[in-house]
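Source file: target-v7.cif; contents: mmCIF, N, CA, C and O atoms.
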data_coords
loop_
_atom_site.label_atom_id
_atom_site.label_comp_id
_atom_site.auth_asym_id
_atom_site.auth_seq_id
_atom_site.Cartn_x
_atom_site.Cartn_y
_atom_site.Cartn_z
N MET A 1010 138.61 -39.93 65.62
CA MET A 1010 139.06 -41.30 65.75
C MET A 1010 138.87 -41.72 67.21
O MET A 1010 139.12 -40.94 68.13
N ASN A 1011 138.50 -42.95 67.38
CA ASN A 1011 138.35 -43.52 68.71
C ASN A 1011 139.68 -43.43 69.45
O ASN A 1011 140.73 -43.81 68.91
N PRO A 1012 139.69 -42.94 70.70
CA PRO A 1012 140.96 -42.79 71.43
C PRO A 1012 141.73 -44.10 71.62
O PRO A 1012 142.96 -44.11 71.57
N GLN A 1013 141.02 -45.22 71.81
CA GLN A 1013 141.71 -46.51 71.97
C GLN A 1013 142.37 -46.93 70.66
O GLN A 1013 143.47 -47.47 70.66
N VAL A 1014 141.69 -46.70 69.54
CA VAL A 1014 142.27 -47.03 68.24
C VAL A 1014 143.47 -46.14 67.98
O VAL A 1014 144.52 -46.61 67.53
N GLU A 1015 143.34 -44.86 68.27
CA GLU A 1015 144.45 -43.94 68.06
C GLU A 1015 145.66 -44.33 68.89
O GLU A 1015 146.79 -44.30 68.42
N LEU A 1016 145.43 -44.73 70.14
CA LEU A 1016 146.52 -45.12 71.03
C LEU A 1016 147.22 -46.38 70.53
O LEU A 1016 148.43 -46.53 70.67
N ASN A 1017 146.47 -47.30 69.94
CA ASN A 1017 147.02 -48.58 69.52
C ASN A 1017 147.20 -48.71 68.01
O ASN A 1017 147.48 -49.80 67.52
N LEU A 1018 147.07 -47.62 67.27
CA LEU A 1018 147.14 -47.68 65.82
C LEU A 1018 148.47 -48.21 65.32
O LEU A 1018 148.52 -49.01 64.38
N ALA A 1019 149.55 -47.79 65.92
CA ALA A 1019 150.87 -48.26 65.49
C ALA A 1019 150.96 -49.78 65.59
O ALA A 1019 151.46 -50.44 64.67
N LEU A 1020 150.48 -50.32 66.68
CA LEU A 1020 150.53 -51.77 66.86
C LEU A 1020 149.58 -52.47 65.89
O LEU A 1020 149.93 -53.50 65.30
N ILE A 1021 148.39 -51.93 65.70
CA ILE A 1021 147.42 -52.53 64.78
C ILE A 1021 148.00 -52.61 63.37
O ILE A 1021 147.87 -53.63 62.69
N LEU A 1022 148.66 -51.56 62.94
CA LEU A 1022 149.21 -51.55 61.59
C LEU A 1022 150.41 -52.48 61.44
O LEU A 1022 150.69 -52.95 60.34
N PHE A 1023 151.11 -52.77 62.52
CA PHE A 1023 152.29 -53.63 62.43
C PHE A 1023 151.99 -55.09 62.77
O PHE A 1023 152.88 -55.94 62.64
N ILE A 1024 150.79 -55.43 63.17
CA ILE A 1024 150.47 -56.82 63.51
C ILE A 1024 150.77 -57.79 62.37
O ILE A 1024 151.37 -58.85 62.60
N PRO A 1025 150.43 -57.48 61.11
CA PRO A 1025 150.78 -58.44 60.05
C PRO A 1025 152.29 -58.66 59.92
O PRO A 1025 152.75 -59.81 59.79
N TRP A 1026 153.07 -57.61 59.98
CA TRP A 1026 154.52 -57.75 59.86
C TRP A 1026 155.12 -58.46 61.07
O TRP A 1026 155.99 -59.34 60.93
N PHE A 1027 154.65 -58.12 62.27
CA PHE A 1027 155.12 -58.81 63.47
C PHE A 1027 154.76 -60.30 63.40
O PHE A 1027 155.54 -61.15 63.83
N SER A 1028 153.60 -60.62 62.86
CA SER A 1028 153.18 -62.01 62.74
C SER A 1028 154.08 -62.79 61.78
O SER A 1028 154.43 -63.94 62.04
N ILE A 1029 154.45 -62.17 60.68
CA ILE A 1029 155.36 -62.83 59.73
C ILE A 1029 156.72 -63.08 60.38
O ILE A 1029 157.27 -64.18 60.28
N LEU A 1030 157.25 -62.08 61.04
CA LEU A 1030 158.55 -62.25 61.70
C LEU A 1030 158.48 -63.30 62.81
O LEU A 1030 159.41 -64.11 62.97
N ALA A 1031 157.39 -63.30 63.56
CA ALA A 1031 157.22 -64.29 64.63
C ALA A 1031 157.14 -65.70 64.06
O ALA A 1031 157.75 -66.63 64.59
N TRP A 1032 156.40 -65.87 62.97
CA TRP A 1032 156.30 -67.19 62.35
C TRP A 1032 157.66 -67.67 61.85
O TRP A 1032 158.01 -68.84 62.03
N LEU A 1033 158.41 -66.78 61.21
CA LEU A 1033 159.74 -67.16 60.72
C LEU A 1033 160.67 -67.55 61.88
O LEU A 1033 161.43 -68.52 61.78
N PHE A 1034 160.60 -66.80 62.98
CA PHE A 1034 161.41 -67.12 64.15
C PHE A 1034 161.02 -68.50 64.70
O PHE A 1034 161.88 -69.29 65.07
N TRP A 1035 159.73 -68.77 64.75
CA TRP A 1035 159.24 -70.03 65.31
C TRP A 1035 159.58 -71.21 64.40
O TRP A 1035 159.95 -72.28 64.88
N ALA A 1036 159.47 -71.04 63.11
CA ALA A 1036 159.59 -72.15 62.16
C ALA A 1036 161.02 -72.55 61.83
O ALA A 1036 161.27 -73.71 61.49
N TYR A 1037 161.97 -71.62 61.91
CA TYR A 1037 163.33 -71.92 61.47
C TYR A 1037 164.31 -71.77 62.60
O TYR A 1037 164.22 -70.81 63.34
N PRO A 1038 165.30 -72.63 62.72
CA PRO A 1038 165.46 -73.89 62.02
C PRO A 1038 164.44 -74.91 62.50
O PRO A 1038 163.98 -74.84 63.64
N ARG A 1039 164.12 -75.84 61.64
CA ARG A 1039 163.06 -76.81 61.94
C ARG A 1039 163.47 -77.79 63.04
O ARG A 1039 162.63 -78.24 63.80
N GLN A 1040 164.74 -78.15 63.09
CA GLN A 1040 165.22 -79.10 64.09
C GLN A 1040 166.43 -78.53 64.79
O GLN A 1040 167.17 -77.77 64.17
N PRO A 1041 166.73 -78.80 66.00
CA PRO A 1041 165.96 -79.63 66.93
C PRO A 1041 164.81 -78.83 67.56
O PRO A 1041 164.93 -77.63 67.77
N ARG A 1042 163.73 -79.50 67.81
CA ARG A 1042 162.57 -78.86 68.41
C ARG A 1042 162.15 -79.70 69.62
O ARG A 1042 161.57 -80.75 69.49
N GLY A 1043 162.50 -79.21 70.81
CA GLY A 1043 162.14 -79.90 72.04
C GLY A 1043 161.36 -78.96 72.94
O GLY A 1043 161.00 -77.83 72.56
N ALA A 1044 161.12 -79.40 74.14
CA ALA A 1044 160.35 -78.60 75.09
C ALA A 1044 161.09 -77.32 75.47
O ALA A 1044 160.48 -76.25 75.60
N ALA A 1045 162.41 -77.42 75.62
CA ALA A 1045 163.20 -76.23 76.01
C ALA A 1045 163.16 -75.19 74.91
O ALA A 1045 163.01 -73.99 75.18
N ARG A 1046 163.28 -75.62 73.67
CA ARG A 1046 163.25 -74.66 72.56
C ARG A 1046 161.86 -74.05 72.41
O ARG A 1046 161.73 -72.85 72.16
N THR A 1047 160.83 -74.84 72.58
CA THR A 1047 159.46 -74.32 72.49
C THR A 1047 159.23 -73.29 73.58
O THR A 1047 158.63 -72.23 73.33
N ALA A 1048 159.70 -73.56 74.79
CA ALA A 1048 159.55 -72.60 75.89
C ALA A 1048 160.35 -71.33 75.62
O ALA A 1048 159.85 -70.22 75.85
N PHE A 1049 161.56 -71.48 75.11
CA PHE A 1049 162.39 -70.31 74.79
C PHE A 1049 161.73 -69.46 73.71
O PHE A 1049 161.65 -68.24 73.83
N ASP A 1050 161.27 -70.10 72.64
CA ASP A 1050 160.62 -69.37 71.55
C ASP A 1050 159.35 -68.68 72.02
O ASP A 1050 159.08 -67.53 71.66
N SER A 1051 158.55 -69.36 72.83
CA SER A 1051 157.32 -68.77 73.35
C SER A 1051 157.61 -67.56 74.23
O SER A 1051 156.96 -66.52 74.11
N ALA A 1052 158.59 -67.69 75.11
CA ALA A 1052 158.96 -66.57 75.99
C ALA A 1052 159.50 -65.40 75.19
O ALA A 1052 159.20 -64.24 75.48
N THR A 1053 160.28 -65.70 74.15
CA THR A 1053 160.82 -64.64 73.31
C THR A 1053 159.71 -63.87 72.61
O THR A 1053 159.72 -62.63 72.60
N LEU A 1054 158.76 -64.58 72.03
CA LEU A 1054 157.67 -63.92 71.32
C LEU A 1054 156.79 -63.11 72.27
O LEU A 1054 156.35 -62.00 71.93
N ALA A 1055 156.56 -63.63 73.47
CA ALA A 1055 155.78 -62.87 74.45
C ALA A 1055 156.53 -61.61 74.88
O ALA A 1055 155.94 -60.53 75.00
N LEU A 1056 157.83 -61.74 75.11
CA LEU A 1056 158.63 -60.58 75.51
C LEU A 1056 158.71 -59.55 74.39
O LEU A 1056 158.61 -58.34 74.64
N ALA A 1057 158.88 -60.00 73.15
CA ALA A 1057 158.94 -59.08 72.02
C ALA A 1057 157.61 -58.34 71.85
O ALA A 1057 157.59 -57.12 71.61
N GLY A 1058 156.50 -59.04 72.01
CA GLY A 1058 155.19 -58.40 71.93
C GLY A 1058 154.98 -57.39 73.05
O GLY A 1058 154.49 -56.28 72.82
N ALA A 1059 155.36 -57.77 74.26
CA ALA A 1059 155.21 -56.86 75.41
C ALA A 1059 156.09 -55.63 75.24
O ALA A 1059 155.67 -54.50 75.55
N ALA A 1060 157.31 -55.83 74.74
CA ALA A 1060 158.21 -54.69 74.52
C ALA A 1060 157.65 -53.75 73.45
O ALA A 1060 157.73 -52.52 73.59
N ALA A 1061 157.06 -54.31 72.40
CA ALA A 1061 156.47 -53.48 71.34
C ALA A 1061 155.28 -52.69 71.87
O ALA A 1061 155.13 -51.49 71.58
N ILE A 1062 154.45 -53.32 72.67
CA ILE A 1062 153.28 -52.63 73.25
C ILE A 1062 153.75 -51.52 74.18
O ILE A 1062 153.25 -50.39 74.12
N TRP A 1063 154.72 -51.83 75.04
CA TRP A 1063 155.22 -50.80 75.95
C TRP A 1063 155.84 -49.65 75.17
O TRP A 1063 155.60 -48.47 75.48
N GLY A 1064 156.65 -49.97 74.17
CA GLY A 1064 157.30 -48.93 73.38
C GLY A 1064 156.31 -48.06 72.63
O GLY A 1064 156.48 -46.84 72.52
N MET A 1065 155.24 -48.67 72.14
CA MET A 1065 154.22 -47.91 71.44
C MET A 1065 153.52 -46.93 72.39
O MET A 1065 153.35 -45.77 72.07
N HIS A 1066 153.17 -47.40 73.56
CA HIS A 1066 152.53 -46.52 74.54
C HIS A 1066 153.49 -45.43 75.01
O HIS A 1066 153.09 -44.28 75.18
N TRP A 1067 154.75 -45.80 75.22
CA TRP A 1067 155.74 -44.81 75.62
C TRP A 1067 155.87 -43.73 74.56
O TRP A 1067 155.90 -42.53 74.87
N GLY A 1068 155.95 -44.12 73.31
CA GLY A 1068 156.07 -43.16 72.21
C GLY A 1068 154.87 -42.24 72.10
O GLY A 1068 155.01 -41.04 71.87
N MET A 1069 153.68 -42.79 72.30
CA MET A 1069 152.46 -41.96 72.22
C MET A 1069 152.42 -40.93 73.35
O MET A 1069 151.98 -39.80 73.15
N HIS A 1070 152.87 -41.32 74.52
CA HIS A 1070 152.78 -40.42 75.68
C HIS A 1070 153.95 -39.44 75.77
O HIS A 1070 153.83 -38.43 76.46
N ASN A 1071 155.04 -39.71 75.08
CA ASN A 1071 156.21 -38.85 75.19
C ASN A 1071 156.53 -38.06 73.94
O ASN A 1071 157.53 -37.34 73.91
N ALA A 1072 155.71 -38.17 72.93
CA ALA A 1072 155.93 -37.39 71.70
C ALA A 1072 155.63 -35.93 71.98
O ALA A 1072 154.78 -35.58 72.81
N ASP A 1073 156.33 -35.06 71.27
CA ASP A 1073 156.12 -33.62 71.41
C ASP A 1073 154.74 -33.26 70.87
O ASP A 1073 154.47 -33.44 69.68
N PRO A 1074 153.85 -32.74 71.71
CA PRO A 1074 152.50 -32.42 71.23
C PRO A 1074 152.48 -31.28 70.21
O PRO A 1074 151.53 -31.14 69.45
N ASN A 1075 153.52 -30.47 70.18
CA ASN A 1075 153.57 -29.36 69.23
C ASN A 1075 154.00 -29.80 67.84
O ASN A 1075 153.92 -29.02 66.90
N ALA A 1076 154.48 -31.02 67.70
CA ALA A 1076 154.95 -31.50 66.41
C ALA A 1076 153.82 -31.95 65.49
O ALA A 1076 154.03 -32.13 64.32
N GLY A 1077 152.64 -32.15 66.03
CA GLY A 1077 151.51 -32.60 65.23
C GLY A 1077 151.11 -34.02 65.59
O GLY A 1077 151.92 -34.80 66.11
N ALA A 1078 149.87 -34.35 65.30
CA ALA A 1078 149.32 -35.65 65.71
C ALA A 1078 150.01 -36.82 64.99
O ALA A 1078 150.18 -37.88 65.58
N ILE A 1079 150.40 -36.62 63.75
CA ILE A 1079 151.01 -37.72 63.01
C ILE A 1079 152.35 -38.13 63.61
O ILE A 1079 152.72 -39.31 63.58
N TRP A 1080 153.07 -37.19 64.20
CA TRP A 1080 154.38 -37.53 64.73
C TRP A 1080 154.30 -38.36 65.99
O TRP A 1080 155.24 -39.09 66.32
N LYS A 1081 153.17 -38.32 66.68
CA LYS A 1081 152.97 -39.25 67.80
C LYS A 1081 152.96 -40.68 67.26
O LYS A 1081 153.58 -41.58 67.83
N GLN A 1082 152.25 -40.88 66.15
CA GLN A 1082 152.17 -42.21 65.55
C GLN A 1082 153.52 -42.65 64.99
O GLN A 1082 153.90 -43.81 65.11
N VAL A 1083 154.25 -41.72 64.39
CA VAL A 1083 155.56 -42.05 63.83
C VAL A 1083 156.52 -42.48 64.94
O VAL A 1083 157.22 -43.49 64.82
N LEU A 1084 156.56 -41.72 66.02
CA LEU A 1084 157.44 -42.07 67.14
C LEU A 1084 157.02 -43.40 67.75
O LEU A 1084 157.86 -44.27 68.01
N ALA A 1085 155.73 -43.59 67.97
CA ALA A 1085 155.24 -44.82 68.58
C ALA A 1085 155.58 -46.03 67.70
O ALA A 1085 156.02 -47.07 68.20
N THR A 1086 155.39 -45.90 66.41
CA THR A 1086 155.69 -46.99 65.48
C THR A 1086 157.19 -47.30 65.48
O THR A 1086 157.59 -48.46 65.52
N SER A 1087 158.00 -46.27 65.44
CA SER A 1087 159.45 -46.46 65.40
C SER A 1087 159.96 -47.15 66.66
O SER A 1087 160.77 -48.08 66.59
N VAL A 1088 159.49 -46.71 67.80
CA VAL A 1088 159.93 -47.30 69.07
C VAL A 1088 159.44 -48.74 69.18
O VAL A 1088 160.20 -49.64 69.56
N ALA A 1089 158.17 -48.98 68.84
CA ALA A 1089 157.62 -50.34 68.93
C ALA A 1089 158.37 -51.29 68.01
O ALA A 1089 158.73 -52.40 68.42
N TYR A 1090 158.61 -50.87 66.79
CA TYR A 1090 159.31 -51.71 65.82
C TYR A 1090 160.75 -51.96 66.26
O TYR A 1090 161.25 -53.09 66.18
N GLY A 1091 161.42 -50.93 66.75
CA GLY A 1091 162.79 -51.08 67.20
C GLY A 1091 162.91 -52.03 68.37
O GLY A 1091 163.82 -52.88 68.40
N LEU A 1092 162.01 -51.93 69.33
CA LEU A 1092 162.07 -52.83 70.48
C LEU A 1092 161.75 -54.27 70.08
O LEU A 1092 162.38 -55.21 70.57
N PHE A 1093 160.75 -54.44 69.22
CA PHE A 1093 160.42 -55.79 68.75
C PHE A 1093 161.63 -56.42 68.07
O PHE A 1093 161.99 -57.56 68.37
N LEU A 1094 162.25 -55.68 67.17
CA LEU A 1094 163.42 -56.21 66.46
C LEU A 1094 164.61 -56.44 67.38
O LEU A 1094 165.37 -57.40 67.20
N ALA A 1095 164.79 -55.58 68.37
CA ALA A 1095 165.90 -55.75 69.31
C ALA A 1095 165.75 -57.05 70.11
O ALA A 1095 166.72 -57.81 70.25
N VAL A 1096 164.55 -57.32 70.60
CA VAL A 1096 164.31 -58.55 71.36
C VAL A 1096 164.48 -59.77 70.45
O VAL A 1096 165.13 -60.75 70.82
N MET A 1097 163.92 -59.69 69.25
CA MET A 1097 164.02 -60.83 68.33
C MET A 1097 165.46 -61.09 67.90
O MET A 1097 165.89 -62.24 67.80
N THR A 1098 166.23 -60.04 67.66
CA THR A 1098 167.63 -60.20 67.26
C THR A 1098 168.45 -60.81 68.39
O THR A 1098 169.25 -61.73 68.17
N ALA A 1099 168.27 -60.31 69.61
CA ALA A 1099 168.99 -60.87 70.75
C ALA A 1099 168.64 -62.34 70.96
O ALA A 1099 169.52 -63.17 71.21
N ALA A 1100 167.38 -62.67 70.82
CA ALA A 1100 166.95 -64.07 70.99
C ALA A 1100 167.47 -64.95 69.86
O ALA A 1100 167.84 -66.10 70.10
N LEU A 1101 167.50 -64.42 68.66
CA LEU A 1101 168.01 -65.18 67.52
C LEU A 1101 169.49 -65.52 67.73
O LEU A 1101 169.91 -66.66 67.50
N ILE A 1102 170.26 -64.56 68.18
CA ILE A 1102 171.67 -64.79 68.45
C ILE A 1102 171.85 -65.78 69.60
O ILE A 1102 172.66 -66.71 69.52
N ALA A 1103 171.08 -65.60 70.67
CA ALA A 1103 171.18 -66.51 71.82
C ALA A 1103 170.78 -67.93 71.41
O ALA A 1103 171.45 -68.91 71.80
N ARG A 1104 169.71 -68.06 70.63
CA ARG A 1104 169.27 -69.40 70.21
C ARG A 1104 170.29 -70.04 69.28
O ARG A 1104 170.58 -71.23 69.38
N TRP A 1105 170.87 -69.26 68.39
CA TRP A 1105 171.89 -69.77 67.48
C TRP A 1105 173.09 -70.31 68.26
O TRP A 1105 173.58 -71.41 67.99
N ARG A 1106 173.56 -69.56 69.25
CA ARG A 1106 174.69 -70.00 70.07
C ARG A 1106 174.33 -71.24 70.88
O ARG A 1106 175.14 -72.16 71.03
N TRP A 1107 173.12 -71.26 71.43
CA TRP A 1107 172.66 -72.38 72.24
C TRP A 1107 172.59 -73.65 71.40
O TRP A 1107 173.08 -74.71 71.81
N LEU A 1108 171.99 -73.56 70.21
CA LEU A 1108 171.88 -74.75 69.36
C LEU A 1108 173.25 -75.20 68.85
O LEU A 1108 173.50 -76.40 68.71
N ARG A 1109 174.13 -74.26 68.59
CA ARG A 1109 175.48 -74.60 68.14
C ARG A 1109 176.24 -75.33 69.26
O ARG A 1109 176.95 -76.30 69.00
N ALA A 1110 176.09 -74.87 70.49
CA ALA A 1110 176.75 -75.52 71.62
C ALA A 1110 176.19 -76.93 71.83
O ALA A 1110 176.95 -77.86 72.15
N ARG A 1111 174.89 -77.08 71.64
CA ARG A 1111 174.27 -78.43 71.78
C ARG A 1111 174.80 -79.38 70.72
O ARG A 1111 175.05 -80.54 70.99
N ARG A 1112 174.95 -78.88 69.49
CA ARG A 1112 175.48 -79.69 68.41
C ARG A 1112 176.92 -80.09 68.68
O ARG A 1112 177.32 -81.24 68.43
N ALA A 1113 177.70 -79.16 69.20
CA ALA A 1113 179.10 -79.46 69.50
C ALA A 1113 179.22 -80.47 70.64
O ALA A 1113 180.09 -81.35 70.61
N ALA A 1114 178.34 -80.38 71.63
CA ALA A 1114 178.37 -81.32 72.75
C ALA A 1114 177.94 -82.72 72.30
O ALA A 1114 178.43 -83.72 72.82
N ALA A 1115 177.04 -82.78 71.35
CA ALA A 1115 176.57 -84.07 70.88
C ALA A 1115 177.60 -84.77 69.98
O ALA A 1115 177.62 -85.98 69.87
N ALA A 1116 178.44 -83.97 69.35
CA ALA A 1116 179.42 -84.54 68.41
C ALA A 1116 180.66 -85.04 69.08
O ALA A 1116 181.00 -85.36 70.04
#
How does the structure come out when it is put into structure tokens?
Amino acid sequence: MNPQVELNLALILFIPWFSILAWLFWAYPRQPRGAARTAFDSATLALAGAAAIWGMHWGMHNADPNAGAIWKQVLATSVAYGLFLAVMTAALIARWRWLRARRAAAA
């Protein structure tokens, strides 16, 4: 296997799922949608992607070489997925609180 593909295989396999989660995060709730929310959502998705890439590389480089080649991929996938979800969950909670506070201030 090509070394670059092997190094990035965990991310390649999770791109469809990460894309679905990113689209759901971006699309809901539909309103309010202003420049601040667009910037927040964009920064969140960029940070989640960067965290997943870093976690995948960290997992590949820190896996026990005696455990077998597949366990490098398992660790890399687990770390990348966990970091992606952690960033998205934190941002979802922050955005929910922010939008709730805006609604309360407007009322």
Assuming the chain letters and numbering stay as they are in my file, what does the PyMOL selection byres (((chain A and resi 1034-1051 and name CA) around 9) and name CA) actually select? List them as a VMD selection string. chain A and resid 1029 to 1033 1052 to 1056 1097 1100 to 1101 1104 1108
Polymer residues at most 8 Å from (146.4, -48.2, 78.0) by all atoms listed in the file, as a list in words: Gln1013, Leu1016 and His1066 of chain A
Output for the residues just chosen: N, CA, C and O atoms as a tab-separated table (two decimals), in the coordinates of the input:
chain	number	residue	atom	x	y	z
A	1013	GLN	N	141.02	-45.22	71.81
A	1013	GLN	CA	141.71	-46.51	71.97
A	1013	GLN	C	142.37	-46.93	70.66
A	1013	GLN	O	143.47	-47.47	70.66
A	1016	LEU	N	145.43	-44.73	70.14
A	1016	LEU	CA	146.52	-45.12	71.03
A	1016	LEU	C	147.22	-46.38	70.53
A	1016	LEU	O	148.43	-46.53	70.67
A	1066	HIS	N	153.17	-47.40	73.56
A	1066	HIS	CA	152.53	-46.52	74.54
A	1066	HIS	C	153.49	-45.43	75.01
A	1066	HIS	O	153.09	-44.28	75.18
Return as JSON the box centre and box size in Å, one decimal, for an axis-aligned box around all listed atoms of region 1052-1067 of chain A padded by 3 Å per side.
{"center_x": 156.7, "center_y": -55.1, "center_z": 73.7, "size_x": 14.3, "size_y": 31.2, "size_z": 10.7}
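Closest approach to Ala1095 (chain A) from the set A:Ala1078, A:Val1014, A:Leu1020, A:Ala1057 is made by A:Ala1057, with distances taken over only N, CA, C and O atoms.
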Could you tell me which residues the PyMOL selection byres ((chain A and resi 1060) around 8) returns for this structure, as a list in words?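 Taken on the displayed file, the PyMOL selection byres ((chain A and resi 1060) around 8) yields the residues Thr1053, Leu1054, Ala1055, Leu1056, Ala1057, Gly1058, Ala1059, Ala1061, Ile1062, Trp1063, Gly1064, Met1065, His1066, Trp1067, Ala1085, Val1088, Ala1089, Tyr1090, Gly1091, Leu1092, Phe1093 and Val1096 of chain A.
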One number please: atom O of Pro1074 (chain A) to atom O of Ile1021 (chain A), in Å, one decimal. 23.8 Å
What is the distance, in Å and to one decimal place, between CA of Arg1112 (chain A) and CA of Leu1094 (chain A)?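 Calculated distance between CA of Arg1112 (chain A) and CA of Leu1094 (chain A) is 26.5 Å.
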Distance of atom O of Met1069 (chain A) from atom C of Lys1081 (chain A), expressed in Å to one decimal place: 6.0 Å
Return region 1107-1114 of chain A, completed with all heavy atoms, as a tab-separated table (two decimals), keeping the file's coordinate frame.
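Contents of out-v2.tsv, freshly written:
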chain	number	residue	atom	x	y	z
A	1107	TRP	N	173.12	-71.26	71.43
A	1107	TRP	CA	172.66	-72.38	72.24
A	1107	TRP	C	172.59	-73.65	71.40
A	1107	TRP	O	173.08	-74.71	71.81
A	1107	TRP	CB	171.32	-72.03	72.86
A	1107	TRP	CG	170.63	-73.14	73.58
A	1107	TRP	CD1	171.17	-74.01	74.47
A	1107	TRP	CD2	169.26	-73.48	73.48
A	1107	TRP	NE1	170.21	-74.87	74.93
A	1107	TRP	CE2	169.03	-74.57	74.35
A	1107	TRP	CE3	168.18	-72.96	72.77
A	1107	TRP	CZ2	167.78	-75.15	74.49
A	1107	TRP	CZ3	166.94	-73.55	72.93
A	1107	TRP	CH2	166.74	-74.62	73.77
A	1108	LEU	N	171.99	-73.56	70.21
A	1108	LEU	CA	171.88	-74.75	69.36
A	1108	LEU	C	173.25	-75.20	68.85
A	1108	LEU	O	173.50	-76.40	68.71
A	1108	LEU	CB	170.94	-74.45	68.18
A	1108	LEU	CG	169.47	-74.26	68.55
A	1108	LEU	CD1	168.65	-73.91	67.32
A	1108	LEU	CD2	168.90	-75.48	69.25
A	1109	ARG	N	174.13	-74.26	68.59
A	1109	ARG	CA	175.48	-74.60	68.14
A	1109	ARG	C	176.24	-75.33	69.26
A	1109	ARG	O	176.95	-76.30	69.00
A	1109	ARG	CB	176.22	-73.34	67.72
A	1109	ARG	CG	177.47	-73.65	66.91
A	1109	ARG	CD	178.00	-72.41	66.28
A	1109	ARG	NE	179.07	-71.94	67.15
A	1109	ARG	CZ	179.71	-70.82	67.01
A	1109	ARG	NH1	179.37	-69.99	66.04
A	1109	ARG	NH2	180.69	-70.47	67.80
A	1110	ALA	N	176.09	-74.87	70.49
A	1110	ALA	CA	176.75	-75.52	71.62
A	1110	ALA	C	176.19	-76.93	71.83
A	1110	ALA	O	176.95	-77.86	72.15
A	1110	ALA	CB	176.57	-74.69	72.89
A	1111	ARG	N	174.89	-77.08	71.64
A	1111	ARG	CA	174.27	-78.43	71.78
A	1111	ARG	C	174.80	-79.38	70.72
A	1111	ARG	O	175.05	-80.54	70.99
A	1111	ARG	CB	172.75	-78.34	71.67
A	1111	ARG	CG	172.08	-77.89	72.94
A	1111	ARG	CD	170.59	-77.90	72.82
A	1111	ARG	NE	170.09	-79.22	72.45
A	1111	ARG	CZ	168.83	-79.47	72.16
A	1111	ARG	NH1	167.94	-78.50	72.17
A	1111	ARG	NH2	168.44	-80.68	71.85
A	1112	ARG	N	174.95	-78.88	69.49
A	1112	ARG	CA	175.48	-79.69	68.41
A	1112	ARG	C	176.92	-80.09	68.68
A	1112	ARG	O	177.32	-81.24	68.43
A	1112	ARG	CB	175.40	-78.92	67.08
A	1112	ARG	CG	174.64	-79.65	66.03
A	1112	ARG	CD	174.52	-78.89	64.77
A	1112	ARG	NE	173.94	-77.56	65.11
A	1112	ARG	CZ	174.07	-76.49	64.39
A	1112	ARG	NH1	174.75	-76.51	63.28
A	1112	ARG	NH2	173.53	-75.36	64.75
A	1113	ALA	N	177.70	-79.16	69.20
A	1113	ALA	CA	179.10	-79.46	69.50
A	1113	ALA	C	179.22	-80.47	70.64
A	1113	ALA	O	180.09	-81.35	70.61
A	1113	ALA	CB	179.84	-78.17	69.87
A	1114	ALA	N	178.34	-80.38	71.63
A	1114	ALA	CA	178.37	-81.32	72.75
A	1114	ALA	C	177.94	-82.72	72.30
A	1114	ALA	O	178.43	-83.72	72.82
A	1114	ALA	CB	177.47	-80.83	73.87
